[in-house]
Amino acid sequence: MTQALLATDRFPLADADKCVQCGLCLPHCPTYRKTGDENESPRGRIALMRAMIRNELALTPTLESHLDRCLACRHCEAACPAQVPYGRLIDDARAFVAANRREAWGRRVLWRWVVDGLLVRPHRLGGLGRLLRGYQRSGLQAIVRGSGLLRWLGLATVEAQLPPMPKLKHYATVYPVTDAARGEVTLFLGCIARIVDQPTINAAIRILNTIGYSVHVPPGQNCCGAIHQHAGDIAGARRLIAQNLKAFASTGDMPVITLASGCGAMLIEYGQHVATREATDFGLRVHDFGAFIEDRHAALFEDSATSVDGVAVHEPCSLRNVMQSGKKTHSLLSRISNTKVDTLSNHATCCGAAGIYFLTQPAMSEQLRGDTLQSIRDSGCRTVVTSNIGCALHLAAGIASRHLDVEVVHPAILIDRIWRLKG
Ligand code: SF4
Ligand code: SF4
């Protein structure tokens, strides 16, 4: 199939044409800062996309790699005075590339198996979670790691990110409180998070119950669709959006609380991905956990201020640039703590996790993580708080490989811990 034969009408060329090439976004772009290459900048990538869609530039591996190396962190979008919707442009450009490139058969089968055979099937993910827990607890992990087999299979990076796997819990459809003084909320579980980050889910339910919310966990909810969307699999993302809208339909206008800003950023923009009233209304219901507490119930925490030493806040790009709630975790934790809560010195850039970027672009990802780890070292903190599970796993793996004495936790874990200590 050739480029010329494929429809390009989906790509929002008018939005790309809003770019006036001022270059104000360049200093905010992590890949441009690392390479100094215009092709690795937002302005350069927009020019490449335009030329590709207009069939002025052939889709070569070099062109593809400039687009692939974009983190979709959207720091450029936040900095752009012309309001170029870069996030939409890169997603749609990748959809165009996915429809046009000649992909190795093996790679296509593997991708389908991972995203459609595993990520979107909670029962299979649960089975994988149990297998991984057995792998870790039996001692097999140490043997396999020492054998070099993981490197040979190309699985070393992803395996290194595995946290200690919790015992899997099946969630009830509702966690009621007798006196639901503040009302009802719903919780979005996510795909990977529901098997690797159950302590955060449990802590969030406890906190929401404690402050007077009944917590609904709609069955039938699935992966948010971000991995599909950002890889150019628009049809796959739409299937998941439809499934989640259906799952949450019976919960009226209850707030939807997310514990991973990577998912929250996707959910909040459902209305941009499928132009229906239902999807737009759903997006308006979505809140990051920490931002929800800070916006609505900050006063509840003022009496519970205690000393939490050595805490630094990491701001995920998705929380900062898409959910527009980057500073709220810091405000919330500062309210709870009598001591100063730091913000990491390189908080305005990406840690290199970026969904599956750490797997597809390991070299750039490692450079970016190295910078964030240096800022963790410089801060002298012992606890890094982040609201995105992808960033948490990526940073924790880097911390472990450098033998730093630092833990990475979600704000819900820290708040829950403080409250438990206070009895
Ligand atoms: S800041 Fe906006 S308008 Fe200026 S070059 Fe970047 S994307 Fe284009
Ligand atoms: S999304 Fe991030 S990596 Fe991609 S061009 Fe914008 S700032 Fe650069």
# chains A, B, ... in the order shown; residues from 1 in each chain; ligands from 1
>>> residues_near_ligand(ligand="ligand 1", cutoff="12 Å", atoms="only C-alpha atoms and all ligand atoms", output="JSON, numbers by chain")
{"A": [15, 16, 17, 18, 19, 20, 21, 22, 23, 24, 25, 26, 27, 28, 29, 32, 38, 41, 42, 43, 44, 45, 46, 47, 74, 75, 76, 77, 78, 79, 80, 81, 82, 83, 84, 85, 86, 87, 89, 90]}
>>> residues_around(residues="Arg69 of chain A", least_positions_apart="3", cutoff="9 Å", atoms="only C-alpha atoms", output="number ranges by chain")
A: 31, 40, 64-66, 72, 357, 360-361, 364
>>> residues_around(residues="segment 327-329 of chain A", least_positions_apart="6", cutoff="10 Å", atoms="only C-alpha atoms", output="count of residues only")
20
>>> select_by_dssp(residues="segment 85-284 of chain A", states="strand (DSSP E)", output="VMD selection string")
chain A and resid 174 to 175 183 to 188 213 to 216 256 to 258
>>> write_last_selection(atoms="N, CA, C and O atoms", output="PDB file, in the first residue's frame")
ATOM      1  N   VAL A 174     -18.980  -1.774  45.334  1.00  0.00           N
ATOM      2  CA  VAL A 174     -19.125  -0.546  46.122  1.00  0.00           C
ATOM      3  C   VAL A 174     -18.511  -0.733  47.505  1.00  0.00           C
ATOM      4  O   VAL A 174     -18.597  -1.812  48.087  1.00  0.00           O
ATOM      5  N   TYR A 175     -17.856   0.326  47.988  1.00  0.00           N
ATOM      6  CA  TYR A 175     -17.326   0.376  49.356  1.00  0.00           C
ATOM      7  C   TYR A 175     -18.113   1.479  50.064  1.00  0.00           C
ATOM      8  O   TYR A 175     -17.740   2.652  50.002  1.00  0.00           O
ATOM      9  N   GLY A 183     -21.067  12.209  49.981  1.00  0.00           N
ATOM     10  CA  GLY A 183     -21.642  11.714  48.730  1.00  0.00           C
ATOM     11  C   GLY A 183     -20.980  10.455  48.219  1.00  0.00           C
ATOM     12  O   GLY A 183     -20.455   9.649  48.993  1.00  0.00           O
ATOM     13  N   GLU A 184     -20.972  10.308  46.914  1.00  0.00           N
ATOM     14  CA  GLU A 184     -20.486   9.077  46.292  1.00  0.00           C
ATOM     15  C   GLU A 184     -19.508   9.429  45.172  1.00  0.00           C
ATOM     16  O   GLU A 184     -19.703  10.423  44.462  1.00  0.00           O
ATOM     17  N   VAL A 185     -18.497   8.603  45.042  1.00  0.00           N
ATOM     18  CA  VAL A 185     -17.552   8.764  43.928  1.00  0.00           C
ATOM     19  C   VAL A 185     -17.354   7.410  43.271  1.00  0.00           C
ATOM     20  O   VAL A 185     -17.717   6.365  43.837  1.00  0.00           O
ATOM     21  N   THR A 186     -16.768   7.427  42.070  1.00  0.00           N
ATOM     22  CA  THR A 186     -16.409   6.168  41.417  1.00  0.00           C
ATOM     23  C   THR A 186     -14.891   6.153  41.248  1.00  0.00           C
ATOM     24  O   THR A 186     -14.249   7.201  41.185  1.00  0.00           O
ATOM     25  N   LEU A 187     -14.361   4.933  41.173  1.00  0.00           N
ATOM     26  CA  LEU A 187     -12.911   4.785  41.074  1.00  0.00           C
ATOM     27  C   LEU A 187     -12.558   4.092  39.763  1.00  0.00           C
ATOM     28  O   LEU A 187     -13.143   3.065  39.416  1.00  0.00           O
ATOM     29  N   PHE A 188     -11.579   4.666  39.051  1.00  0.00           N
ATOM     30  CA  PHE A 188     -11.072   4.038  37.829  1.00  0.00           C
ATOM     31  C   PHE A 188      -9.826   3.247  38.200  1.00  0.00           C
ATOM     32  O   PHE A 188      -8.883   3.800  38.776  1.00  0.00           O
ATOM     33  N   TYR A 213     -17.014   9.471  51.787  1.00  0.00           N
ATOM     34  CA  TYR A 213     -17.516   9.101  50.463  1.00  0.00           C
ATOM     35  C   TYR A 213     -17.732   7.595  50.368  1.00  0.00           C
ATOM     36  O   TYR A 213     -16.855   6.824  50.763  1.00  0.00           O
ATOM     37  N   SER A 214     -18.854   7.195  49.829  1.00  0.00           N
ATOM     38  CA  SER A 214     -19.002   5.806  49.375  1.00  0.00           C
ATOM     39  C   SER A 214     -18.286   5.721  48.032  1.00  0.00           C
ATOM     40  O   SER A 214     -18.395   6.630  47.205  1.00  0.00           O
ATOM     41  N   VAL A 215     -17.552   4.611  47.855  1.00  0.00           N
ATOM     42  CA  VAL A 215     -16.723   4.494  46.643  1.00  0.00           C
ATOM     43  C   VAL A 215     -17.254   3.359  45.767  1.00  0.00           C
ATOM     44  O   VAL A 215     -17.309   2.206  46.196  1.00  0.00           O
ATOM     45  N   HIS A 216     -17.642   3.701  44.552  1.00  0.00           N
ATOM     46  CA  HIS A 216     -18.121   2.697  43.599  1.00  0.00           C
ATOM     47  C   HIS A 216     -16.974   2.296  42.671  1.00  0.00           C
ATOM     48  O   HIS A 216     -16.198   3.142  42.234  1.00  0.00           O
ATOM     49  N   VAL A 256     -15.339  10.811  38.865  1.00  0.00           N
ATOM     50  CA  VAL A 256     -14.529   9.619  38.539  1.00  0.00           C
ATOM     51  C   VAL A 256     -13.110   9.928  39.019  1.00  0.00           C
ATOM     52  O   VAL A 256     -12.472  10.858  38.513  1.00  0.00           O
ATOM     53  N   ILE A 257     -12.648   9.170  39.998  1.00  0.00           N
ATOM     54  CA  ILE A 257     -11.324   9.427  40.577  1.00  0.00           C
ATOM     55  C   ILE A 257     -10.294   8.512  39.928  1.00  0.00           C
ATOM     56  O   ILE A 257     -10.509   7.301  39.838  1.00  0.00           O
ATOM     57  N   THR A 258      -9.188   9.097  39.485  1.00  0.00           N
ATOM     58  CA  THR A 258      -8.118   8.275  38.907  1.00  0.00           C
ATOM     59  C   THR A 258      -6.886   8.349  39.798  1.00  0.00           C
ATOM     60  O   THR A 258      -6.600   9.377  40.417  1.00  0.00           O
TER      61      THR A 258
END
>>> atom_distance(atom1="atom CA of Asn39 of chain A", atom2="atom 5 (S, counted along the ligand's line) of ligand 2")
9.3 Å
>>> closest_residue(among="A:Met254, A:Val322, A:Ile336, A:Ile418", to="ligand 2", atoms="only C-alpha atoms and all ligand atoms")
A:Val322
>>> residues_around(residues="Tyr135 of chain A", least_positions_apart="4", cutoff="12 Å", atoms="only C-alpha atoms", output="PDB file with N, CA and C atoms, in the first residue's frame")
ATOM      1  N   LEU A 128      -1.675 -13.238  35.044  1.00  0.00           N
ATOM      2  CA  LEU A 128      -0.271 -12.855  34.903  1.00  0.00           C
ATOM      3  C   LEU A 128       0.263 -12.333  36.252  1.00  0.00           C
ATOM      4  N   GLY A 129      -0.566 -11.555  36.933  1.00  0.00           N
ATOM      5  CA  GLY A 129      -0.166 -11.019  38.236  1.00  0.00           C
ATOM      6  C   GLY A 129       0.154 -12.142  39.215  1.00  0.00           C
ATOM      7  N   ARG A 130      -0.687 -13.184  39.224  1.00  0.00           N
ATOM      8  CA  ARG A 130      -0.449 -14.316  40.142  1.00  0.00           C
ATOM      9  C   ARG A 130       0.833 -15.056  39.759  1.00  0.00           C
ATOM     10  N   LEU A 131       1.043 -15.224  38.441  1.00  0.00           N
ATOM     11  CA  LEU A 131       2.273 -15.899  37.991  1.00  0.00           C
ATOM     12  C   LEU A 131       3.520 -15.120  38.413  1.00  0.00           C
ATOM     13  N   GLY A 139      11.753 -17.429  44.537  1.00  0.00           N
ATOM     14  CA  GLY A 139      13.212 -17.316  44.400  1.00  0.00           C
ATOM     15  C   GLY A 139      13.665 -17.440  42.947  1.00  0.00           C
ATOM     16  N   LEU A 140      12.696 -17.765  42.069  1.00  0.00           N
ATOM     17  CA  LEU A 140      13.033 -17.931  40.655  1.00  0.00           C
ATOM     18  C   LEU A 140      13.554 -16.627  40.044  1.00  0.00           C
ATOM     19  N   GLN A 141      13.018 -15.499  40.534  1.00  0.00           N
ATOM     20  CA  GLN A 141      13.407 -14.205  39.968  1.00  0.00           C
ATOM     21  C   GLN A 141      14.919 -13.989  40.078  1.00  0.00           C
ATOM     22  N   ALA A 142      15.461 -14.295  41.261  1.00  0.00           N
ATOM     23  CA  ALA A 142      16.897 -14.071  41.464  1.00  0.00           C
ATOM     24  C   ALA A 142      17.706 -14.957  40.513  1.00  0.00           C
ATOM     25  N   ILE A 143      17.242 -16.207  40.338  1.00  0.00           N
ATOM     26  CA  ILE A 143      17.976 -17.147  39.469  1.00  0.00           C
ATOM     27  C   ILE A 143      17.931 -16.657  38.014  1.00  0.00           C
ATOM     28  N   VAL A 144      16.718 -16.265  37.576  1.00  0.00           N
ATOM     29  CA  VAL A 144      16.562 -15.837  36.183  1.00  0.00           C
ATOM     30  C   VAL A 144      17.359 -14.563  35.926  1.00  0.00           C
ATOM     31  N   ARG A 145      17.307 -13.640  36.895  1.00  0.00           N
ATOM     32  CA  ARG A 145      18.062 -12.384  36.727  1.00  0.00           C
ATOM     33  C   ARG A 145      19.555 -12.665  36.609  1.00  0.00           C
ATOM     34  N   GLU A 159      11.221  -6.321  32.975  1.00  0.00           N
ATOM     35  CA  GLU A 159      11.243  -7.120  34.201  1.00  0.00           C
ATOM     36  C   GLU A 159      11.803  -6.316  35.369  1.00  0.00           C
ATOM     37  N   LEU A 162       9.315  -4.410  37.548  1.00  0.00           N
ATOM     38  CA  LEU A 162       8.290  -5.077  38.359  1.00  0.00           C
ATOM     39  C   LEU A 162       8.439  -4.709  39.824  1.00  0.00           C
ATOM     40  N   PRO A 164       7.375  -5.423  43.887  1.00  0.00           N
ATOM     41  CA  PRO A 164       6.938  -6.652  44.570  1.00  0.00           C
ATOM     42  C   PRO A 164       5.443  -6.828  44.318  1.00  0.00           C
ATOM     43  N   MET A 165       5.055  -7.944  43.731  1.00  0.00           N
ATOM     44  CA  MET A 165       3.652  -8.107  43.332  1.00  0.00           C
ATOM     45  C   MET A 165       2.778  -8.379  44.558  1.00  0.00           C
TER      46      MET A 165
END
>>> residues_around(residues="segment 217-224 of chain A", least_positions_apart="6", cutoff="10 Å", atoms="only C-alpha atoms", output="ChimeraX atom specification")
/A:115,119-122,171-175,185-194,205,237-238,240-251,256,262-267,270
>>> residues_around(residues="Lys340 of chain A", least_positions_apart="3", cutoff="8 Å", atoms="only C-alpha atoms", output="ChimeraX atom specification")
/A:309,311,334,337
>>> atom_distance(atom1="atom CA of Ile415 of chain A", atom2="atom CA of Leu208 of chain A")
11.2 Å
>>> select_by_dssp(residues="segment 251-304 of chain A", states="alpha helix (DSSP H)", output="ChimeraX atom specification")
/A:261-268,270-273,277-285,289-302
>>> closest_residue(among="A:Val274, A:Ala392, A:Cys350, A:Met323", to="ligand 2", atoms="only C-alpha atoms and all ligand atoms")
A:Cys350
>>> closest_residue(among="A:Arg369, A:Arg417, A:Lys167, A:Arg88", to="ligand 2", atoms="only C-alpha atoms and all ligand atoms")
A:Arg88
>>> atom_distance(atom1="atom CA of Ala160 of chain A", atom2="atom CA of Ser401 of chain A")
8.7 Å
>>> closest_residue(among="A:Ile399, A:Ala299, A:Ile234, A:Leu125", to="Ile195 of chain A", atoms="only C-alpha atoms")
A:Leu125
>>> residues_around(residues="Gly232 of chain A", least_positions_apart="5", cutoff="12 Å", atoms="only C-alpha atoms", output="list in words")
Arg10, Phe11, Leu67, Asp68, Gly87, Arg88, Leu89, Ile90, Asp91, Asp92, Ala93, Arg94, Ala95, Phe96, Val97, Ala98, Ala99, Asn100, Arg101, Gly225, Ala226, Ile227, Ala237 and Arg238 of chain A
>>> write_last_selection(atoms="N, CA, C and O atoms", output="tab-separated table (two decimals), in the first residue's frame")
chain	number	residue	atom	x	y	z
A	10	ARG	N	-8.33	12.50	8.16
A	10	ARG	CA	-8.46	12.49	9.61
A	10	ARG	C	-7.48	13.47	10.27
A	10	ARG	O	-7.76	14.05	11.30
A	11	PHE	N	-6.34	13.66	9.62
A	11	PHE	CA	-5.30	14.49	10.25
A	11	PHE	C	-5.72	15.97	10.23
A	11	PHE	O	-6.09	16.51	9.19
A	67	LEU	N	9.29	10.94	14.73
A	67	LEU	CA	7.97	10.98	15.37
A	67	LEU	C	7.92	10.01	16.56
A	67	LEU	O	7.34	10.32	17.61
A	68	ASP	N	8.55	8.85	16.39
A	68	ASP	CA	8.54	7.87	17.49
A	68	ASP	C	9.26	8.38	18.73
A	68	ASP	O	8.93	8.00	19.84
A	87	GLY	N	-0.80	17.42	21.13
A	87	GLY	CA	-1.15	16.04	21.51
A	87	GLY	C	-2.00	15.38	20.45
A	87	GLY	O	-1.78	14.22	20.09
A	88	ARG	N	-2.97	16.11	19.95
A	88	ARG	CA	-3.83	15.54	18.91
A	88	ARG	C	-3.03	15.30	17.63
A	88	ARG	O	-3.21	14.30	16.94
A	89	LEU	N	-2.15	16.26	17.29
A	89	LEU	CA	-1.36	16.11	16.06
A	89	LEU	C	-0.49	14.86	16.09
A	89	LEU	O	-0.46	14.09	15.13
A	90	ILE	N	0.20	14.65	17.20
A	90	ILE	CA	1.13	13.50	17.22
A	90	ILE	C	0.34	12.19	17.23
A	90	ILE	O	0.73	11.21	16.57
A	91	ASP	N	-0.80	12.14	17.92
A	91	ASP	CA	-1.60	10.91	17.90
A	91	ASP	C	-2.08	10.60	16.49
A	91	ASP	O	-2.01	9.45	16.03
A	92	ASP	N	-2.56	11.63	15.81
A	92	ASP	CA	-3.10	11.39	14.47
A	92	ASP	C	-1.99	11.11	13.46
A	92	ASP	O	-2.17	10.34	12.51
A	93	ALA	N	-0.83	11.74	13.66
A	93	ALA	CA	0.30	11.43	12.78
A	93	ALA	C	0.71	9.97	12.97
A	93	ALA	O	1.02	9.26	12.00
A	94	ARG	N	0.69	9.50	14.20
A	94	ARG	CA	1.06	8.10	14.45
A	94	ARG	C	0.03	7.15	13.88
A	94	ARG	O	0.36	6.04	13.44
A	95	ALA	N	-1.23	7.56	13.89
A	95	ALA	CA	-2.27	6.73	13.27
A	95	ALA	C	-2.00	6.62	11.77
A	95	ALA	O	-2.14	5.55	11.17
A	96	PHE	N	-1.59	7.72	11.19
A	96	PHE	CA	-1.26	7.73	9.76
A	96	PHE	C	-0.07	6.80	9.49
A	96	PHE	O	-0.10	5.98	8.57
A	97	VAL	N	0.94	6.92	10.33
A	97	VAL	CA	2.13	6.07	10.16
A	97	VAL	C	1.74	4.60	10.32
A	97	VAL	O	2.14	3.74	9.52
A	98	ALA	N	0.95	4.30	11.36
A	98	ALA	CA	0.57	2.90	11.61
A	98	ALA	C	-0.18	2.33	10.42
A	98	ALA	O	-0.03	1.15	10.09
A	99	ALA	N	-0.99	3.16	9.78
A	99	ALA	CA	-1.78	2.67	8.64
A	99	ALA	C	-0.93	2.51	7.38
A	99	ALA	O	-1.31	1.78	6.47
A	100	ASN	N	0.20	3.17	7.35
A	100	ASN	CA	1.00	3.20	6.11
A	100	ASN	C	2.30	2.42	6.15
A	100	ASN	O	2.85	2.12	5.10
A	101	ARG	N	2.79	2.16	7.35
A	101	ARG	CA	4.13	1.56	7.36
A	101	ARG	C	4.05	0.05	7.09
A	101	ARG	O	3.05	-0.60	7.38
A	225	GLY	N	-7.27	3.15	27.36
A	225	GLY	CA	-7.09	3.28	25.90
A	225	GLY	C	-5.90	4.14	25.51
A	225	GLY	O	-5.63	4.31	24.31
A	226	ALA	N	-5.16	4.68	26.51
A	226	ALA	CA	-4.06	5.60	26.18
A	226	ALA	C	-2.97	4.91	25.36
A	226	ALA	O	-2.43	5.51	24.42
A	227	ILE	N	-2.65	3.68	25.70
A	227	ILE	CA	-1.56	3.00	24.97
A	227	ILE	C	-1.95	2.84	23.51
A	227	ILE	O	-1.15	3.08	22.60
A	237	ALA	N	-8.50	2.24	20.62
A	237	ALA	CA	-8.79	3.22	21.69
A	237	ALA	C	-10.30	3.47	21.77
A	237	ALA	O	-10.88	3.51	22.85
A	238	ARG	N	-10.93	3.57	20.62
A	238	ARG	CA	-12.39	3.85	20.61
A	238	ARG	C	-13.18	2.69	21.21
A	238	ARG	O	-14.19	2.91	21.88
